[in-house]
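Undergrad: To be precise about what I am sending: the file is called my_file.cif and holds mmCIF, C-alpha atoms.
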```
data_my_file
loop_
_atom_site.label_atom_id
_atom_site.label_comp_id
_atom_site.auth_asym_id
_atom_site.auth_seq_id
_atom_site.Cartn_x
_atom_site.Cartn_y
_atom_site.Cartn_z
CA MET O 1 0.00 0.00 0.00
CA SER O 2 1.33 3.45 -0.92
CA ASN O 3 1.99 6.18 1.63
CA ALA O 4 -0.87 8.16 0.13
CA ALA O 5 -3.28 5.28 0.62
CA GLN O 6 -2.08 4.65 4.17
CA ASN O 7 -2.34 8.27 5.27
CA SER O 8 -5.43 9.47 3.40
CA ILE O 9 -8.93 9.94 4.78
CA VAL O 10 -11.55 9.47 2.07
CA LYS O 11 -15.04 8.02 2.02
CA ASP O 12 -14.78 5.02 -0.29
CA MET O 13 -11.82 3.82 -2.38
CA SER O 14 -14.13 1.68 -4.52
CA LEU O 15 -15.33 4.90 -6.17
CA ALA O 16 -11.93 5.51 -7.79
CA PRO O 17 -12.78 4.26 -11.32
CA GLU O 18 -15.48 6.89 -11.77
CA GLY O 19 -13.12 9.53 -10.42
CA HIS O 20 -10.44 8.56 -12.93
CA LEU O 21 -12.96 8.99 -15.76
CA LYS O 22 -13.84 12.49 -14.54
CA ILE O 23 -10.19 13.51 -14.29
CA SER O 24 -9.45 12.06 -17.73
CA TRP O 25 -12.31 14.13 -19.21
CA VAL O 26 -11.02 17.44 -17.86
CA ASP O 27 -7.43 16.51 -18.78
CA ALA O 28 -8.59 16.39 -22.40
CA HIS O 29 -10.07 19.90 -22.10
CA MET O 30 -7.28 21.72 -20.23
CA PRO O 31 -4.56 22.27 -22.87
CA VAL O 32 -2.87 25.15 -21.03
CA LEU O 33 -2.30 23.00 -17.95
CA ASN O 34 -1.10 20.21 -20.22
CA SER O 35 1.59 22.52 -21.60
CA ILE O 36 2.64 23.52 -18.10
CA ARG O 37 2.70 19.89 -17.04
CA GLU O 38 5.20 19.18 -19.82
CA GLN O 39 7.38 22.05 -18.55
CA PHE O 40 7.15 20.82 -14.97
CA GLU O 41 7.98 17.22 -15.88
CA LYS O 42 11.14 18.48 -17.55
CA ASP O 43 12.21 21.18 -15.04
CA GLN O 44 11.01 19.59 -11.75
CA PRO O 45 10.49 22.98 -10.01
CA PHE O 46 9.07 21.37 -6.84
CA LYS O 47 11.43 18.43 -6.52
CA GLY O 48 11.74 17.38 -2.90
CA LEU O 49 9.06 19.82 -1.70
CA LYS O 50 5.71 19.25 0.01
CA VAL O 51 2.67 21.12 -1.32
CA THR O 52 -0.70 21.29 0.44
CA ILE O 53 -3.72 22.35 -1.60
CA SER O 54 -7.16 23.43 -0.33
CA LEU O 55 -9.59 23.93 -3.20
CA HIS O 56 -13.03 22.73 -4.24
CA LEU O 57 -12.11 19.10 -4.62
CA GLU O 58 -13.52 18.00 -7.95
CA ALA O 59 -11.98 16.81 -11.21
CA LYS O 60 -10.41 20.07 -12.41
CA THR O 61 -8.74 20.65 -9.05
CA ALA O 62 -7.56 17.05 -9.10
CA TYR O 63 -5.81 17.64 -12.38
CA LEU O 64 -4.06 20.72 -10.99
CA ALA O 65 -2.82 18.54 -8.12
CA LYS O 66 -1.46 16.04 -10.63
CA VAL O 67 0.32 18.82 -12.55
CA VAL O 68 1.99 20.03 -9.34
CA GLN O 69 2.89 16.42 -8.56
CA ALA O 70 4.44 16.11 -12.03
CA GLY O 71 6.73 18.98 -11.03
CA GLY O 72 8.29 16.80 -8.35
CA ALA O 73 6.12 17.71 -5.35
CA GLU O 74 4.74 15.45 -2.67
CA VAL O 75 1.14 16.66 -2.82
CA THR O 76 -1.54 16.66 -0.13
CA ILE O 77 -5.01 17.95 -0.91
CA THR O 78 -8.13 18.79 1.06
CA GLY O 79 -11.44 20.49 0.28
CA SER O 80 -12.41 24.13 0.67
CA ASN O 81 -16.16 23.61 1.03
CA PRO O 82 -17.96 20.66 2.67
CA LEU O 83 -20.48 20.30 -0.16
CA SER O 84 -18.16 20.63 -3.17
CA THR O 85 -15.93 17.62 -2.48
CA GLN O 86 -16.51 14.66 -4.83
CA ASP O 87 -15.71 11.35 -3.16
CA ASP O 88 -14.93 9.49 -6.38
CA VAL O 89 -12.34 12.10 -7.36
CA CYS O 90 -10.75 11.84 -3.91
CA ALA O 91 -10.39 8.08 -4.26
CA ALA O 92 -8.85 8.41 -7.72
CA LEU O 93 -6.24 10.87 -6.45
CA VAL O 94 -5.20 8.48 -3.69
CA GLU O 95 -4.60 5.81 -6.32
CA ASP O 96 -2.45 8.35 -8.17
CA GLY O 97 -0.18 8.80 -5.15
CA ILE O 98 -1.66 12.01 -3.74
CA THR O 99 -2.57 12.17 -0.05
CA VAL O 100 -6.20 13.23 0.41
CA PHE O 101 -7.99 14.45 3.51
CA ALA O 102 -11.52 15.12 2.27
CA LYS O 103 -15.07 13.78 2.26
CA TYR O 104 -18.37 15.06 0.94
CA ASN O 105 -20.46 16.82 3.60
CA PRO O 106 -18.45 16.30 6.79
CA ASP O 107 -19.74 18.02 9.91
CA PRO O 108 -18.04 21.34 10.73
CA GLN O 109 -15.66 19.84 13.28
CA GLU O 110 -14.53 17.04 10.96
CA TYR O 111 -14.15 19.52 8.12
CA LYS O 112 -11.72 21.60 10.18
CA GLU O 113 -9.87 18.48 11.36
CA LEU O 114 -9.30 17.46 7.74
CA LEU O 115 -7.84 20.89 6.96
CA ILE O 116 -5.51 20.61 9.94
CA LYS O 117 -4.39 17.13 8.94
CA ALA O 118 -3.46 18.48 5.51
CA LEU O 119 -1.31 21.13 7.20
CA GLU O 120 0.27 18.64 9.60
CA THR O 121 2.20 17.26 6.63
CA LYS O 122 4.31 20.43 7.10
CA PRO O 123 4.14 21.82 3.57
CA ASP O 124 6.74 24.02 1.94
CA LEU O 125 4.09 25.64 -0.28
CA ILE O 126 0.32 26.01 -0.15
CA ILE O 127 -2.55 26.78 -2.49
CA ASP O 128 -5.52 28.19 -0.59
CA ASP O 129 -9.16 28.98 -1.45
CA GLY O 130 -10.90 31.39 0.87
CA GLY O 131 -8.02 31.67 3.32
CA ASP O 132 -8.81 28.69 5.56
CA LEU O 133 -5.29 27.24 5.47
CA VAL O 134 -3.69 30.61 6.13
CA THR O 135 -6.10 31.38 8.97
CA ILE O 136 -5.47 28.04 10.69
CA LEU O 137 -1.71 28.49 10.36
CA HIS O 138 -1.78 31.98 11.85
CA ALA O 139 -4.54 31.67 14.46
CA GLU O 140 -4.60 28.05 15.62
CA ARG O 141 -1.49 26.17 14.56
CA PRO O 142 1.45 28.59 14.34
CA ASP O 143 3.67 25.61 15.16
CA LEU O 144 3.14 24.49 11.55
CA LEU O 145 4.39 27.78 10.07
CA THR O 146 8.08 26.93 10.19
CA THR O 147 8.31 25.09 6.87
CA VAL O 148 5.99 27.30 4.77
CA ARG O 149 7.79 29.33 2.10
CA GLY O 150 4.65 30.88 0.66
CA GLY O 151 1.68 30.16 -1.53
CA ALA O 152 -1.15 31.33 -3.73
CA GLU O 153 -4.77 32.33 -3.02
CA GLU O 154 -7.69 31.62 -5.35
CA THR O 155 -10.52 33.91 -4.26
CA THR O 156 -11.61 37.46 -3.49
CA THR O 157 -12.67 36.36 -0.01
CA GLY O 158 -9.28 34.84 0.70
CA ILE O 159 -7.43 37.92 -0.52
CA LEU O 160 -9.50 40.14 1.77
CA ARG O 161 -8.42 37.98 4.72
CA LEU O 162 -4.80 38.02 3.58
CA LYS O 163 -4.74 41.80 3.20
CA ALA O 164 -6.18 42.19 6.69
CA LEU O 165 -3.32 40.03 8.01
CA GLU O 166 -0.80 42.00 5.98
CA LYS O 167 -2.19 45.34 7.18
CA GLU O 168 -1.79 44.22 10.81
CA GLY O 169 1.79 43.10 10.11
CA GLN O 170 0.86 39.52 11.00
CA LEU O 171 1.34 37.74 7.66
CA LYS O 172 4.16 35.23 8.10
CA PHE O 173 4.93 34.32 4.48
CA PRO O 174 4.31 35.69 0.97
CA MET O 175 1.05 34.90 -0.83
CA VAL O 176 0.31 35.50 -4.51
CA ALA O 177 -3.17 36.96 -5.16
CA VAL O 178 -4.12 34.76 -8.10
CA ASN O 179 -7.70 36.04 -8.02
CA ASP O 180 -6.47 39.50 -9.04
CA ALA O 181 -4.71 38.29 -12.20
CA PHE O 182 -6.29 39.33 -15.50
CA CYS O 183 -6.49 35.74 -16.75
CA LYS O 184 -8.38 34.85 -13.57
CA TYR O 185 -11.01 37.49 -12.91
CA LEU O 186 -11.76 38.43 -16.53
CA PHE O 187 -12.59 34.83 -17.41
CA ASP O 188 -13.04 32.67 -14.31
CA ASN O 189 -15.01 35.20 -12.25
CA ARG O 190 -17.06 36.46 -15.17
CA TYR O 191 -17.62 33.63 -17.64
CA GLY O 192 -16.98 30.75 -15.24
CA THR O 193 -19.22 32.01 -12.45
CA GLY O 194 -21.91 33.18 -14.85
CA GLN O 195 -22.26 29.81 -16.57
CA SER O 196 -21.74 27.56 -13.57
CA VAL O 197 -24.20 29.41 -11.32
CA PHE O 198 -27.03 28.77 -13.72
CA ASP O 199 -25.85 25.25 -14.35
CA GLY O 200 -26.24 24.62 -10.61
CA ILE O 201 -29.55 26.50 -10.29
CA ASN O 202 -31.16 24.97 -13.37
CA ARG O 203 -30.23 21.36 -12.67
CA THR O 204 -31.38 21.78 -9.05
CA THR O 205 -34.70 23.58 -9.57
CA ASN O 206 -35.68 22.40 -13.07
CA LEU O 207 -37.43 25.75 -13.48
CA VAL O 208 -37.32 28.26 -16.32
CA VAL O 209 -35.24 31.43 -15.94
CA ALA O 210 -36.87 33.37 -18.80
CA GLY O 211 -39.36 35.96 -17.58
CA LYS O 212 -38.27 35.81 -13.96
CA ASN O 213 -36.92 38.75 -11.98
CA VAL O 214 -33.36 37.69 -11.14
CA VAL O 215 -31.72 39.79 -8.43
CA VAL O 216 -27.91 39.81 -8.57
CA VAL O 217 -26.50 41.01 -5.26
CA GLY O 218 -23.11 42.56 -6.02
CA TYR O 219 -21.72 43.70 -9.37
CA GLY O 220 -18.08 42.74 -9.21
CA TRP O 221 -16.68 40.47 -11.90
CA CYS O 222 -18.67 37.50 -10.62
CA GLY O 223 -21.83 39.58 -10.47
CA LYS O 224 -21.24 40.82 -13.99
CA GLY O 225 -21.03 37.24 -15.20
CA VAL O 226 -24.18 36.16 -13.37
CA ALA O 227 -26.12 39.17 -14.68
CA MET O 228 -24.93 38.57 -18.23
CA ARG O 229 -25.97 34.91 -18.19
CA ALA O 230 -29.32 35.68 -16.55
CA LYS O 231 -30.03 38.22 -19.29
CA GLY O 232 -29.04 35.66 -21.92
CA LEU O 233 -31.53 33.19 -20.44
CA GLY O 234 -34.32 35.78 -20.76
CA ALA O 235 -34.52 37.08 -17.21
CA ASN O 236 -35.34 40.60 -16.08
CA VAL O 237 -32.14 41.45 -14.20
CA ILE O 238 -32.01 43.63 -11.10
CA VAL O 239 -28.68 44.55 -9.51
CA THR O 240 -28.08 45.71 -5.94
CA GLU O 241 -24.81 47.42 -5.02
CA ILE O 242 -23.06 49.47 -2.33
CA ASP O 243 -20.44 50.89 -4.70
CA PRO O 244 -21.76 53.89 -6.71
CA ILE O 245 -19.31 53.27 -9.55
CA LYS O 246 -20.38 49.66 -9.98
CA ALA O 247 -24.01 50.72 -9.72
CA VAL O 248 -23.55 53.15 -12.61
CA GLU O 249 -21.83 50.41 -14.57
CA ALA O 250 -24.74 48.03 -13.98
CA PHE O 251 -27.18 50.72 -15.11
CA MET O 252 -25.14 51.42 -18.25
CA ASP O 253 -25.06 47.67 -18.94
CA GLY O 254 -28.84 47.79 -19.15
CA PHE O 255 -29.88 46.46 -15.75
CA THR O 256 -32.28 47.87 -13.18
CA VAL O 257 -30.48 49.04 -10.03
CA LEU O 258 -32.39 48.99 -6.74
CA PRO O 259 -31.68 48.96 -3.01
CA MET O 260 -31.92 45.44 -1.62
CA ILE O 261 -35.09 46.20 0.35
CA GLU O 262 -36.86 47.17 -2.90
CA ALA O 263 -35.38 44.33 -4.95
CA ALA O 264 -36.53 41.89 -2.26
CA LYS O 265 -40.16 42.82 -2.98
CA VAL O 266 -40.05 41.89 -6.67
CA GLY O 267 -37.34 39.21 -7.02
CA ASP O 268 -38.14 35.65 -8.03
CA LEU O 269 -34.57 34.32 -7.91
CA PHE O 270 -31.70 35.83 -5.90
CA VAL O 271 -27.97 35.22 -6.39
CA THR O 272 -25.51 36.72 -3.88
CA VAL O 273 -21.94 37.37 -5.05
CA THR O 274 -20.45 39.86 -2.60
CA GLY O 275 -18.00 38.07 -0.29
CA ASN O 276 -19.76 39.78 2.63
CA ARG O 277 -22.19 38.54 5.25
CA ASP O 278 -25.94 39.10 5.72
CA VAL O 279 -26.58 40.76 2.38
CA ILE O 280 -29.96 39.00 2.41
CA ARG O 281 -31.42 39.07 5.92
CA GLY O 282 -34.54 39.36 8.06
CA GLU O 283 -35.94 42.63 6.77
CA HIS O 284 -35.70 41.27 3.23
CA TYR O 285 -37.46 37.98 4.05
CA ASP O 286 -40.33 40.02 5.50
CA VAL O 287 -41.21 41.51 2.10
CA MET O 288 -40.30 38.69 -0.31
CA LYS O 289 -42.77 37.04 -2.64
CA ASN O 290 -44.18 33.64 -1.86
CA GLY O 291 -41.93 31.15 -3.69
CA ALA O 292 -38.79 33.29 -3.84
CA ILE O 293 -35.63 31.26 -4.43
CA LEU O 294 -32.35 32.21 -2.71
CA SER O 295 -28.87 31.13 -3.76
CA ASN O 296 -25.29 32.13 -3.02
CA ALA O 297 -22.22 32.19 -5.25
CA GLY O 298 -19.88 33.85 -2.74
CA HIS O 299 -17.29 31.77 -0.95
CA PHE O 300 -18.81 31.31 2.52
CA ASP O 301 -22.38 30.43 3.52
CA VAL O 302 -22.93 33.73 5.33
CA GLU O 303 -24.28 35.94 2.56
CA VAL O 304 -27.82 34.64 3.06
CA ASN O 305 -28.57 34.93 6.78
CA LYS O 306 -29.91 31.47 7.63
CA PRO O 307 -30.53 32.00 11.37
CA GLU O 308 -32.89 34.91 10.67
CA LEU O 309 -34.68 32.83 8.02
CA ASN O 310 -35.07 29.99 10.52
CA GLU O 311 -36.43 32.36 13.15
CA ARG O 312 -39.23 33.44 10.82
CA SER O 313 -40.16 29.90 9.82
CA THR O 314 -42.68 27.47 11.29
CA SER O 315 -41.25 24.51 9.37
CA VAL O 316 -38.24 23.62 7.26
CA ARG O 317 -38.09 20.63 4.95
CA THR O 318 -36.04 19.37 2.03
CA VAL O 319 -38.35 19.31 -0.98
CA ARG O 320 -35.77 18.29 -3.57
CA ARG O 321 -32.05 17.56 -3.46
CA ASN O 322 -30.28 20.81 -2.50
CA ILE O 323 -33.56 22.70 -1.99
CA GLU O 324 -34.83 23.60 1.49
CA GLU O 325 -38.33 25.01 1.87
CA PHE O 326 -38.85 27.51 4.70
CA GLN O 327 -42.52 28.08 5.51
CA LEU O 328 -42.91 31.46 7.16
CA LYS O 329 -45.39 32.28 9.90
CA ASP O 330 -47.68 34.10 7.46
CA GLY O 331 -47.79 31.10 5.12
CA ARG O 332 -45.30 32.31 2.51
CA LYS O 333 -42.62 29.86 1.36
CA ILE O 334 -39.01 30.79 0.63
CA TYR O 335 -36.58 28.32 -0.90
CA LEU O 336 -32.84 28.12 -0.21
CA LEU O 337 -30.50 26.27 -2.54
CA ALA O 338 -27.50 24.20 -1.39
CA GLU O 339 -27.76 25.36 2.25
CA GLY O 340 -26.63 28.81 1.16
CA ARG O 341 -23.25 27.45 0.09
CA LEU O 342 -21.71 27.96 -3.33
CA VAL O 343 -24.56 26.95 -5.61
CA ASN O 344 -22.32 26.36 -8.62
CA LEU O 345 -20.19 23.81 -6.74
CA ALA O 346 -22.48 22.45 -4.04
CA ALA O 347 -25.27 21.91 -6.58
CA GLY O 348 -23.15 21.57 -9.73
CA ASP O 349 -19.69 20.76 -11.04
CA GLY O 350 -18.28 24.27 -10.82
CA HIS O 351 -16.71 26.31 -13.60
CA PRO O 352 -16.17 24.80 -17.06
CA ALA O 353 -12.90 22.98 -17.60
CA GLU O 354 -11.69 25.39 -20.29
CA ILE O 355 -12.10 28.31 -17.88
CA MET O 356 -10.37 26.62 -14.94
CA ASP O 357 -7.59 25.68 -17.33
CA MET O 358 -6.46 29.31 -17.25
CA THR O 359 -7.01 29.84 -13.52
CA PHE O 360 -5.18 26.68 -12.51
CA ALA O 361 -2.37 27.45 -14.95
CA LEU O 362 -1.94 30.71 -13.01
CA GLN O 363 -1.96 28.77 -9.74
CA ALA O 364 0.75 26.39 -10.93
CA LEU O 365 2.95 29.18 -12.27
CA ALA O 366 2.36 31.38 -9.22
CA LEU O 367 3.45 28.51 -6.99
CA ARG O 368 6.63 28.14 -9.04
CA TYR O 369 7.25 31.89 -8.81
CA VAL O 370 6.83 32.13 -5.05
CA ASN O 371 9.09 29.10 -4.56
CA GLU O 372 11.81 30.75 -6.63
CA GLN O 373 11.45 34.22 -5.09
CA TYR O 374 10.16 33.76 -1.52
CA GLU O 375 13.38 34.90 0.13
CA GLN O 376 13.40 38.16 -1.85
CA ILE O 377 9.64 38.82 -1.71
CA GLY O 378 9.13 39.13 2.02
CA ASN O 379 5.87 38.58 3.92
CA GLN O 380 3.35 40.35 1.70
CA VAL O 381 0.41 39.83 -0.61
CA LEU O 382 1.64 40.28 -4.16
CA ASN O 383 0.14 40.23 -7.62
CA VAL O 384 0.78 37.61 -10.25
CA PRO O 385 3.60 38.98 -12.44
CA TYR O 386 2.14 40.47 -15.62
CA GLU O 387 4.50 38.31 -17.68
CA THR O 388 2.86 35.23 -16.14
CA ASP O 389 -0.59 36.54 -17.07
CA GLN O 390 0.63 37.02 -20.64
CA GLU O 391 2.22 33.57 -20.71
CA VAL O 392 -1.09 31.96 -19.78
CA ALA O 393 -2.96 34.03 -22.38
CA ARG O 394 -0.45 33.06 -25.09
CA LEU O 395 -0.78 29.38 -24.21
CA LYS O 396 -4.57 29.71 -24.32
CA LEU O 397 -4.50 31.38 -27.73
CA GLY O 398 -2.12 28.72 -29.02
CA SER O 399 -4.45 25.96 -27.84
CA LEU O 400 -7.27 27.63 -29.79
CA GLY O 401 -5.18 28.03 -32.95
CA ILE O 402 -5.47 31.82 -32.75
CA GLN O 403 -2.66 34.13 -33.83
CA ILE O 404 -2.33 37.82 -32.98
CA ASP O 405 -0.19 40.71 -34.19
CA SER O 406 2.98 42.03 -32.59
CA LEU O 407 4.54 45.48 -32.56
CA SER O 408 7.20 46.40 -35.09
CA ASP O 409 10.42 47.98 -33.82
CA GLU O 410 9.22 51.34 -35.13
CA GLN O 411 5.88 51.02 -33.35
CA ARG O 412 7.56 50.04 -30.10
CA THR O 413 9.92 53.04 -30.34
CA TYR O 414 6.99 55.35 -31.07
CA LEU O 415 5.07 54.14 -28.01
CA ASP O 416 8.13 54.44 -25.79
CA SER O 417 8.91 57.99 -26.91
CA TRP O 418 7.46 61.19 -25.55
CA ALA O 419 8.87 63.54 -28.20
CA ASP O 420 8.34 62.08 -31.68
CA HIS O 421 4.57 61.79 -32.05
CA GLU O 422 4.00 63.41 -35.45
#
```
So that I can check it, write out the structure of this file as structure tokens.
TA:
Amino acid sequence: MSNAAQNSIVKDMSLAPEGHLKISWVDAHMPVLNSIREQFEKDQPFKGLKVTISLHLEAKTAYLAKVVQAGGAEVTITGSNPLSTQDDVCAALVEDGITVFAKYNPDPQEYKELLIKALETKPDLIIDDGGDLVTILHAERPDLLTTVRGGAEETTTGILRLKALEKEGQLKFPMVAVNDAFCKYLFDNRYGTGQSVFDGINRTTNLVVAGKNVVVVGYGWCGKGVAMRAKGLGANVIVTEIDPIKAVEAFMDGFTVLPMIEAAKVGDLFVTVTGNRDVIRGEHYDVMKNGAILSNAGHFDVEVNKPELNERSTSVRTVRRNIEEFQLKDGRKIYLLAEGRLVNLAAGDGHPAEIMDMTFALQALALRYVNEQYEQIGNQVLNVPYETDQEVARLKLGSLGIQIDSLSDEQRTYLDSWADHE
């Protein structure tokens, strides 16, 4: 038995064949990562190092883990959301020599214990999603900090937590803000979130989107993607915002902009994408239509305030997989999808493979960068180097068979000059 098999905690190893099929499918649709895997197999940038990964543990993430492993790393992986872990994928990774600490739908205590076990391998590098690994290292298990050179963070939520640590002077190692890279937020946050949110909602509810009032709470890049896809499906889109600039942008994009208390009165389907807590709460439930459907596409399950919804309810029951019905005291019914967790992953398969191909290529290259530069970087949150963004974009274009122009020497000189502009 391999070390990975001996040390791992997964639900059922007999599920591995189905997991291998899933990983093989995304492998065939992630050409950018395939190119990077070839580089890593040749250069071995992580030879002799331990890498711990916390991401939504499904097939695309599994392939990223295998790419990092191909670069010479001893890889350990855990989930970043209790409802997004796929047990068959976990089993397949164990058979591939990767240590896995993850199960679908563990209770909160077990979920945290699995994260800690992944850190107890004493990694040299980490990939985090939402900041759970970093938070545990800094707040609960600082004894495990000694080996960590640095890492990369996937999400807006995680970067907010990292910047708070950095601002307080408490960050103990460098972290690359992968979420802020162009090839991440322009494509993953916008096109990935937009498509996968409605994949999760539609397969869960089996209801039509056309003609409904869809309320998008937050108009960052994820919100833009959700609004765009809702419009494409024929919805009447309403946006709520706290940022006046983003509100103007939503208006100029053709959407109705309302305060949340007004949107709550007319919405049929709500999608939260803010990264903040309680953006849908008691006062909003009080005025919602009978039959309103609530969903969240932000990282944590705090955007829809569940305690206040429970307080107003006389009964709660599961009426369909991933749909809870809350019957309010006045007889109205409100429905919550996927327990208020990420609807695109808890009730779907997450972003399309071709989108995550770019994001996970950035993760792999960011990990290589921080390993090469961690002594010079210092303990800070830093951006993905622009050259890395461009490298991923070039690989993506190449995989699509698309060619673009380049500047001539004369054009480059003209752009670099301040005097000769006649």
Undergrad: Just want the 12 Å neighbourhood of O:Leu83, counted on all atoms listed in the file, with same-chain residues fewer than 5 positions away dropped. Output as a ChimeraX atom specification.
TA: /O:55-58,102-108,111,299-301,322,337-350
Undergrad: Care to translate the PyMOL selection byres ((chain O and resi 261) around 8) into actual residues of this file, as a list in words?
TA: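 Selection result, ordered by chain and number: Pro259, Met260, Glu262, Ala263, Ala264, Lys265, Glu283, His284 and Val287 of chain O.
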Undergrad: Give me, as a ChimeraX atom specification, all polymer residues having an atom no more than 12 Å from O:Ser399, counting all atoms listed in the file and skipping those fewer than 6 positions away in the same chain.
TA: /O:28-35,354,357-358,392-393
Undergrad: Could you write out the selected residues, including C-alpha atoms, as a JSON list (two decimals), keeping the file's coordinate frame?
TA:
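Once written, again-v2.json looks like this:
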```
[["chain", "number", "residue", "atom", "x", "y", "z"],
["O", 28, "ALA", "CA", -8.59, 16.39, -22.40],
["O", 29, "HIS", "CA", -10.07, 19.90, -22.10],
["O", 30, "MET", "CA", -7.28, 21.72, -20.23],
["O", 31, "PRO", "CA", -4.56, 22.27, -22.87],
["O", 32, "VAL", "CA", -2.87, 25.15, -21.03],
["O", 33, "LEU", "CA", -2.30, 23.00, -17.95],
["O", 34, "ASN", "CA", -1.10, 20.21, -20.22],
["O", 35, "SER", "CA", 1.59, 22.52, -21.60],
["O", 354, "GLU", "CA", -11.69, 25.39, -20.29],
["O", 357, "ASP", "CA", -7.59, 25.68, -17.33],
["O", 358, "MET", "CA", -6.46, 29.31, -17.25],
["O", 392, "VAL", "CA", -1.09, 31.96, -19.78],
["O", 393, "ALA", "CA", -2.96, 34.03, -22.38]]
```
Undergrad: Mind pulling up the distance from atom CA of O:His20 to atom CA of O:Leu64?
TA: 13.9 Å
Undergrad: Tell me, in Å to one decimal, how far atom CA of O:Ile53 is from atom CA of O:Lys224.
TA: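 Interatomic distance, atom CA of O:Ile53 to atom CA of O:Lys224: 28.3 Å.
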Undergrad: Which residues come within 9 Å of stretch 373-377 of chain O, counting all atoms listed in the file, excluding same-chain residues fewer than 3 positions away, as number ranges by chain?
TA: O: 149-150, 173-174, 368-370, 380, 382
Undergrad: With the file shown as input, list the residues that the PyMOL selection byres ((chain O and resi 78) around 6) selects, as a PDB file with C-alpha atoms, keeping the file's coordinate frame.
TA:
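Result written to part.pdb:
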```pdb
ATOM      1  CA  SER O  54      -7.160  23.430  -0.330  1.00  0.00           C
ATOM      2  CA  ILE O  77      -5.010  17.950  -0.910  1.00  0.00           C
ATOM      3  CA  GLY O  79     -11.440  20.490   0.280  1.00  0.00           C
ATOM      4  CA  VAL O 100      -6.200  13.230   0.410  1.00  0.00           C
ATOM      5  CA  PHE O 101      -7.990  14.450   3.510  1.00  0.00           C
ATOM      6  CA  ALA O 102     -11.520  15.120   2.270  1.00  0.00           C
TER       7      ALA O 102
END
```
Undergrad: So what do you get for atom CA of O:Ile293 versus atom CA of O:Gln195, distance-wise?
TA: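 For atom CA of O:Ile293 relative to atom CA of O:Gln195, the distance reads 18.1 Å.
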Undergrad: Please identify all polymer residues within 12 Å of O:Cys90, counting all atoms listed in the file, omitting same-chain residues fewer than 2 positions from it, and present them as an mmCIF file with C-alpha atoms, keeping the file's coordinate frame.
TA:
```cif
data_model
loop_
_atom_site.group_PDB
_atom_site.id
_atom_site.type_symbol
_atom_site.label_atom_id
_atom_site.label_comp_id
_atom_site.auth_asym_id
_atom_site.auth_seq_id
_atom_site.Cartn_x
_atom_site.Cartn_y
_atom_site.Cartn_z
ATOM 1 C CA ALA O 4 -0.870 8.160 0.130
ATOM 2 C CA ALA O 5 -3.280 5.280 0.620
ATOM 3 C CA SER O 8 -5.430 9.470 3.400
ATOM 4 C CA ILE O 9 -8.930 9.940 4.780
ATOM 5 C CA VAL O 10 -11.550 9.470 2.070
ATOM 6 C CA LYS O 11 -15.040 8.020 2.020
ATOM 7 C CA ASP O 12 -14.780 5.020 -0.290
ATOM 8 C CA MET O 13 -11.820 3.820 -2.380
ATOM 9 C CA SER O 14 -14.130 1.680 -4.520
ATOM 10 C CA LEU O 15 -15.330 4.900 -6.170
ATOM 11 C CA ALA O 16 -11.930 5.510 -7.790
ATOM 12 C CA PRO O 17 -12.780 4.260 -11.320
ATOM 13 C CA GLU O 18 -15.480 6.890 -11.770
ATOM 14 C CA GLY O 19 -13.120 9.530 -10.420
ATOM 15 C CA HIS O 20 -10.440 8.560 -12.930
ATOM 16 C CA LYS O 22 -13.840 12.490 -14.540
ATOM 17 C CA ILE O 23 -10.190 13.510 -14.290
ATOM 18 C CA HIS O 56 -13.030 22.730 -4.240
ATOM 19 C CA LEU O 57 -12.110 19.100 -4.620
ATOM 20 C CA GLU O 58 -13.520 18.000 -7.950
ATOM 21 C CA ALA O 59 -11.980 16.810 -11.210
ATOM 22 C CA LYS O 60 -10.410 20.070 -12.410
ATOM 23 C CA THR O 61 -8.740 20.650 -9.050
ATOM 24 C CA ALA O 62 -7.560 17.050 -9.100
ATOM 25 C CA TYR O 63 -5.810 17.640 -12.380
ATOM 26 C CA ALA O 65 -2.820 18.540 -8.120
ATOM 27 C CA THR O 76 -1.540 16.660 -0.130
ATOM 28 C CA ILE O 77 -5.010 17.950 -0.910
ATOM 29 C CA THR O 78 -8.130 18.790 1.060
ATOM 30 C CA GLY O 79 -11.440 20.490 0.280
ATOM 31 C CA SER O 84 -18.160 20.630 -3.170
ATOM 32 C CA THR O 85 -15.930 17.620 -2.480
ATOM 33 C CA GLN O 86 -16.510 14.660 -4.830
ATOM 34 C CA ASP O 87 -15.710 11.350 -3.160
ATOM 35 C CA ASP O 88 -14.930 9.490 -6.380
ATOM 36 C CA ALA O 92 -8.850 8.410 -7.720
ATOM 37 C CA LEU O 93 -6.240 10.870 -6.450
ATOM 38 C CA VAL O 94 -5.200 8.480 -3.690
ATOM 39 C CA GLU O 95 -4.600 5.810 -6.320
ATOM 40 C CA ASP O 96 -2.450 8.350 -8.170
ATOM 41 C CA GLY O 97 -0.180 8.800 -5.150
ATOM 42 C CA ILE O 98 -1.660 12.010 -3.740
ATOM 43 C CA THR O 99 -2.570 12.170 -0.050
ATOM 44 C CA VAL O 100 -6.200 13.230 0.410
ATOM 45 C CA PHE O 101 -7.990 14.450 3.510
ATOM 46 C CA ALA O 102 -11.520 15.120 2.270
ATOM 47 C CA LYS O 103 -15.070 13.780 2.260
ATOM 48 C CA TYR O 104 -18.370 15.060 0.940
#
```
Undergrad: Ranking O:Val217, O:Ala230, O:Ile201, O:Met252 by minimum distance to O:Thr274 and counting only C-alpha atoms, which one comes first?
TA: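 Between O:Val217, O:Ala230, O:Ile201, O:Met252, the residue approaching O:Thr274 most closely is O:Val217.
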Undergrad: Which is closer to O:Pro244 than all the others in O:Gly398, O:Gly71, O:Gly218, O:Gly192, using only C-alpha atoms?
TA: O:Gly218
